[in-house]
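**Student:** So I've got this file, coords.txt, and it contains compact mmCIF, C-alpha atoms:
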```txt
# COMPACT_ATOMS: atom_id res chain seq x y z
CA MET A 623 28.24 -25.35 -20.67
CA GLU A 624 26.92 -21.79 -20.42
CA THR A 625 24.18 -22.94 -18.07
CA ILE A 626 26.69 -24.59 -15.74
CA ALA A 627 28.84 -21.45 -15.74
CA ALA A 628 25.76 -19.32 -15.03
CA ALA A 629 24.71 -21.65 -12.20
CA ARG A 630 28.23 -21.46 -10.73
CA ASP A 631 28.17 -17.67 -10.98
CA ASN A 632 24.77 -17.55 -9.26
CA LEU A 633 25.94 -19.84 -6.45
CA LEU A 634 29.02 -17.67 -5.91
CA ALA A 635 27.13 -14.38 -6.06
CA PRO A 636 27.70 -12.14 -3.00
CA PRO A 637 24.01 -12.12 -1.88
CA LEU A 638 23.95 -15.92 -1.73
CA LEU A 639 27.32 -16.06 -0.02
CA PHE A 640 26.10 -13.54 2.59
CA PHE A 641 23.00 -15.71 3.09
CA ALA A 642 25.31 -18.69 3.70
CA LEU A 643 27.35 -16.55 6.09
CA GLY A 644 24.16 -15.80 8.03
CA ILE A 645 23.41 -19.52 8.30
CA VAL A 646 26.93 -20.23 9.54
CA ALA A 647 26.74 -17.33 12.03
CA ALA A 648 23.47 -18.71 13.41
CA ARG A 649 24.86 -22.24 13.65
CA VAL A 650 27.91 -21.10 15.62
CA ARG A 651 25.67 -18.89 17.77
CA SER A 652 27.40 -15.68 16.76
CA ASP A 653 26.03 -12.39 18.07
CA LEU A 654 26.03 -11.05 14.48
CA ALA A 655 22.90 -9.00 13.83
CA ILE A 656 21.82 -6.28 11.45
CA PRO A 657 20.53 -3.32 13.46
CA ALA A 658 16.78 -2.79 13.02
CA ALA A 659 17.21 0.69 11.51
CA ILE A 660 19.59 -0.62 8.85
CA ALA A 661 17.34 -3.59 8.07
CA GLN A 662 14.37 -1.25 7.70
CA GLY A 663 16.40 1.12 5.49
CA LEU A 664 17.51 -1.75 3.26
CA SER A 665 13.92 -2.99 2.97
CA ILE A 666 12.66 0.44 1.95
CA TYR A 667 15.50 0.83 -0.56
CA LEU A 668 14.85 -2.59 -2.13
CA LEU A 669 11.08 -2.06 -2.32
CA ALA A 670 11.57 1.36 -3.90
CA ALA A 671 14.06 -0.05 -6.41
CA ILE A 672 11.70 -2.88 -7.36
CA GLY A 673 8.76 -0.50 -7.69
CA LEU A 674 10.76 2.01 -9.74
CA LYS A 675 12.09 -0.69 -12.03
CA GLY A 676 8.59 -2.12 -12.47
CA GLY A 677 7.15 1.30 -13.30
CA TRP A 678 10.00 2.12 -15.67
CA ARG A 679 9.71 -1.23 -17.48
CA LEU A 680 5.95 -0.80 -17.68
CA ARG A 681 6.43 2.66 -19.20
CA GLU A 682 8.94 1.25 -21.71
CA ALA A 683 6.51 -1.50 -22.70
CA GLY A 684 3.81 1.08 -23.35
CA PHE A 685 0.64 0.81 -21.37
CA SER A 686 -2.05 -0.84 -23.48
CA GLY A 687 -5.28 -2.72 -22.97
CA GLU A 688 -3.41 -6.00 -23.35
CA ILE A 689 -0.90 -5.07 -20.65
CA ALA A 690 -3.70 -3.84 -18.37
CA LEU A 691 -5.39 -7.22 -18.82
CA GLN A 692 -2.12 -8.99 -17.96
CA LEU A 693 -1.75 -6.89 -14.80
CA VAL A 694 -5.34 -7.64 -13.72
CA ALA A 695 -4.81 -11.33 -14.50
CA SER A 696 -1.64 -11.41 -12.35
CA VAL A 697 -3.54 -9.94 -9.40
CA ALA A 698 -6.38 -12.44 -9.93
CA LEU A 699 -3.86 -15.28 -10.16
CA GLY A 700 -2.23 -14.20 -6.90
CA LEU A 701 -5.63 -14.19 -5.19
CA ALA A 702 -6.67 -17.52 -6.70
CA LEU A 703 -3.41 -19.27 -5.81
CA ALA A 704 -3.70 -18.13 -2.20
CA VAL A 705 -7.29 -19.39 -1.92
CA ILE A 706 -6.49 -22.72 -3.63
CA ALA A 707 -3.45 -23.25 -1.38
CA PHE A 708 -5.53 -22.47 1.71
CA LEU A 709 -8.25 -24.93 0.69
CA LEU A 710 -5.76 -27.67 -0.14
CA LEU A 711 -3.94 -27.16 3.14
CA ASP A 712 -7.29 -27.31 4.93
CA ARG A 713 -7.90 -30.75 3.44
CA LEU A 714 -4.36 -32.15 3.49
CA SER A 715 -2.75 -30.78 6.64
CA ARG A 716 -3.30 -30.35 10.33
CA LEU A 717 -2.01 -26.79 10.36
CA THR A 718 -3.92 -24.13 12.26
CA ARG A 719 -6.12 -21.72 10.30
CA PHE A 720 -3.54 -18.97 10.82
CA ASP A 721 -0.64 -21.14 9.60
CA ARG A 722 -2.63 -22.28 6.54
CA ALA A 723 -3.35 -18.65 5.68
CA ALA A 724 0.29 -17.63 6.15
CA LEU A 725 1.48 -20.43 3.89
CA ALA A 726 -1.24 -19.60 1.35
CA ALA A 727 0.04 -16.00 1.20
CA HIS A 728 3.46 -17.33 0.19
CA TYR A 729 1.93 -19.31 -2.67
CA GLY A 730 -0.11 -16.33 -3.88
CA SER A 731 2.75 -13.84 -3.86
CA VAL A 732 5.98 -13.88 -5.81
CA SER A 733 9.36 -14.21 -4.17
CA VAL A 734 11.24 -11.05 -5.03
CA VAL A 735 14.55 -12.84 -4.52
CA THR A 736 13.54 -15.64 -6.89
CA PHE A 737 12.30 -13.13 -9.45
CA VAL A 738 15.48 -11.04 -9.31
CA THR A 739 17.63 -14.18 -9.55
CA ALA A 740 15.69 -15.37 -12.61
CA ALA A 741 15.87 -11.92 -14.20
CA GLU A 742 19.64 -11.75 -13.66
CA PHE A 743 20.04 -15.25 -15.09
CA LEU A 744 18.07 -14.23 -18.20
CA ALA A 745 20.10 -11.02 -18.54
CA ARG A 746 23.38 -12.94 -18.38
CA GLN A 747 22.08 -15.30 -21.06
CA GLY A 748 21.05 -12.36 -23.23
CA VAL A 749 17.38 -13.35 -23.08
CA ALA A 750 14.97 -10.42 -23.14
CA TYR A 751 11.71 -10.54 -21.24
CA GLU A 752 8.70 -8.28 -21.27
CA GLY A 753 8.97 -5.18 -19.11
CA GLN A 754 5.57 -5.52 -17.49
CA LEU A 755 6.69 -8.70 -15.67
CA VAL A 756 8.39 -6.58 -13.01
CA ALA A 757 5.16 -4.62 -12.50
CA MET A 758 3.16 -7.86 -12.39
CA MET A 759 5.47 -9.22 -9.70
CA ALA A 760 5.10 -6.04 -7.65
CA LEU A 761 1.32 -6.10 -7.97
CA MET A 762 1.00 -9.73 -6.83
CA GLU A 763 2.38 -9.10 -3.34
CA ALA A 764 -0.41 -7.17 -1.62
CA PRO A 765 -3.47 -9.14 -2.90
CA ALA A 766 -2.08 -12.47 -1.71
CA ILE A 767 -1.37 -11.01 1.73
CA MET A 768 -4.85 -9.46 1.86
CA VAL A 769 -6.62 -12.72 1.04
CA ALA A 770 -4.47 -14.53 3.60
CA ILE A 771 -5.50 -12.06 6.30
CA TRP A 772 -9.13 -12.49 5.31
CA LEU A 773 -8.77 -16.31 5.39
CA ALA A 774 -6.94 -16.28 8.73
CA ARG A 775 -9.60 -14.27 10.54
CA ARG A 776 -12.96 -15.60 11.55
CA ASN A 777 -14.20 -12.08 12.28
CA ALA A 778 -14.80 -10.19 9.00
CA VAL A 779 -14.65 -6.75 10.67
CA GLU A 780 -11.25 -7.52 12.17
CA ALA A 781 -10.00 -8.81 8.79
CA GLU A 782 -11.29 -5.70 7.01
CA ARG A 783 -9.43 -3.46 9.48
CA GLU A 784 -6.19 -5.35 8.92
CA ILE A 785 -6.63 -5.30 5.13
CA ALA A 786 -7.35 -1.56 5.21
CA HIS A 787 -4.18 -1.09 7.30
CA LEU A 788 -2.23 -3.12 4.72
CA PHE A 789 -2.94 -0.47 2.07
CA THR A 790 -1.25 2.12 4.27
CA SER A 791 1.62 -0.07 5.50
CA GLY A 792 5.03 1.29 4.64
CA SER A 793 6.06 -1.60 2.40
CA VAL A 794 2.93 -1.41 0.23
CA VAL A 795 3.07 2.40 0.04
CA VAL A 796 6.75 2.30 -1.02
CA LEU A 797 6.33 -0.56 -3.50
CA LEU A 798 3.17 0.69 -5.23
CA GLY A 799 4.15 4.35 -4.86
CA ALA A 800 7.50 3.71 -6.56
CA LEU A 801 5.71 1.75 -9.28
CA LEU A 802 3.56 4.81 -9.99
CA VAL A 803 6.50 7.23 -9.76
```
Using structure tokens, write down the structure from this file.

**Tutor:**
Amino acid sequence: METIAAARDNLLAPPLLFFALGIVAARVRSDLAIPAAIAQGLSIYLLAAIGLKGGWRLREAGFSGEIALQLVASVALGLALAVIAFLLLDRLSRLTRFDRAALAAHYGSVSVVTFVTAAEFLARQGVAYEGQLVAMMALMEAPAIMVAIWLARRNAVEAEREIAHLFTSGSVVVLLGALLV
């Protein structure tokens, strides 16, 4: 019964209801829109919060060789999943190279919304989870995007420029910078 109550609570949570509102607004062709500056501000805030929480939880867990290995493994897993997805899509779909790479990036990274939802569900159930999971989630984002860029481009120099730019993009700087802070 607790699981059903938790599922009901999750379905009636304000973020999900606002998502549903957005779908309804689009369907009725409303002119509702979040101004770009506010959307960018919210993105920066959320990335900083995720990074800070990941860094704090990592600090609480105590940085050890085992945790370092887990962090490296999560990055490797993100890279591997993106490559495997790209290769499978190459064999099984008629998508363009760019679309296969974009979809592969989604498989290699972790959905922050899914992660936060799962974490909240565990918290409501009183289930503890290891602190480094937040840091692992944060670290999986950039590598999957980098490998997708590399897979999407036929020109290695062009891919290297885009990957180098990724390290300095605002979202990566905020996420990883907050993790270190």

**Student:** I'd like the interatomic distance between atom CA of A:Met759 and atom CA of A:Leu639, to a tenth of an Å.

**Tutor:**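 Computing the Euclidean distance for atom CA of A:Met759 and atom CA of A:Leu639 yields 24.9 Å.
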
**Student:** Calculate how many Å separate atom CA of A:Ile689 from atom CA of A:Gly730, rounding to one decimal.

**Tutor:**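 Separating atom CA of A:Ile689 from atom CA of A:Gly730 is a distance of 20.2 Å.
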
**Student:** At what distance in Å, to one decimal, does atom CA of A:Met762 lie from atom CA of A:Ser696?

**Tutor:**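 Between atom CA of A:Ser696 and atom CA of A:Met762 the gap works out to 6.3 Å.
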
**Student:** Leaving out A:Gly644 and any residue of its chain fewer than 6 positions from it, which residues lie within 12 Å of it when counting only C-alpha atoms, given as a list of chain:residue names?

**Tutor:**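 Here the qualifying residues turn out to be A:Pro637, A:Leu638, A:Val650, A:Arg651, A:Ser652, A:Asp653, A:Leu654, A:Ala655, A:Ile656.
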
**Student:** Smallest atom-to-atom distance to A:Thr739: which of A:Ala670, A:Met758, A:Ala648, A:Ala628, using all atoms listed in the file?

**Tutor:** A:Ala628

**Student:** Near stretch 790-802 of chain A, within 10 Å and counting only C-alpha atoms, which residues show up once chain neighbours fewer than 2 positions away are dropped, as a ChimeraX atom specification?

**Tutor:** /A:662,665-681,756-757,760-761,763-764,785-788

**Student:** So, counting only C-alpha atoms, which residue among A:Ala658, A:Leu703, A:Val803, A:Ala774 is closest to A:Ser731?

**Tutor:**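 Once distances to A:Ser731 are computed over only C-alpha atoms, the minimum belongs to A:Leu703.
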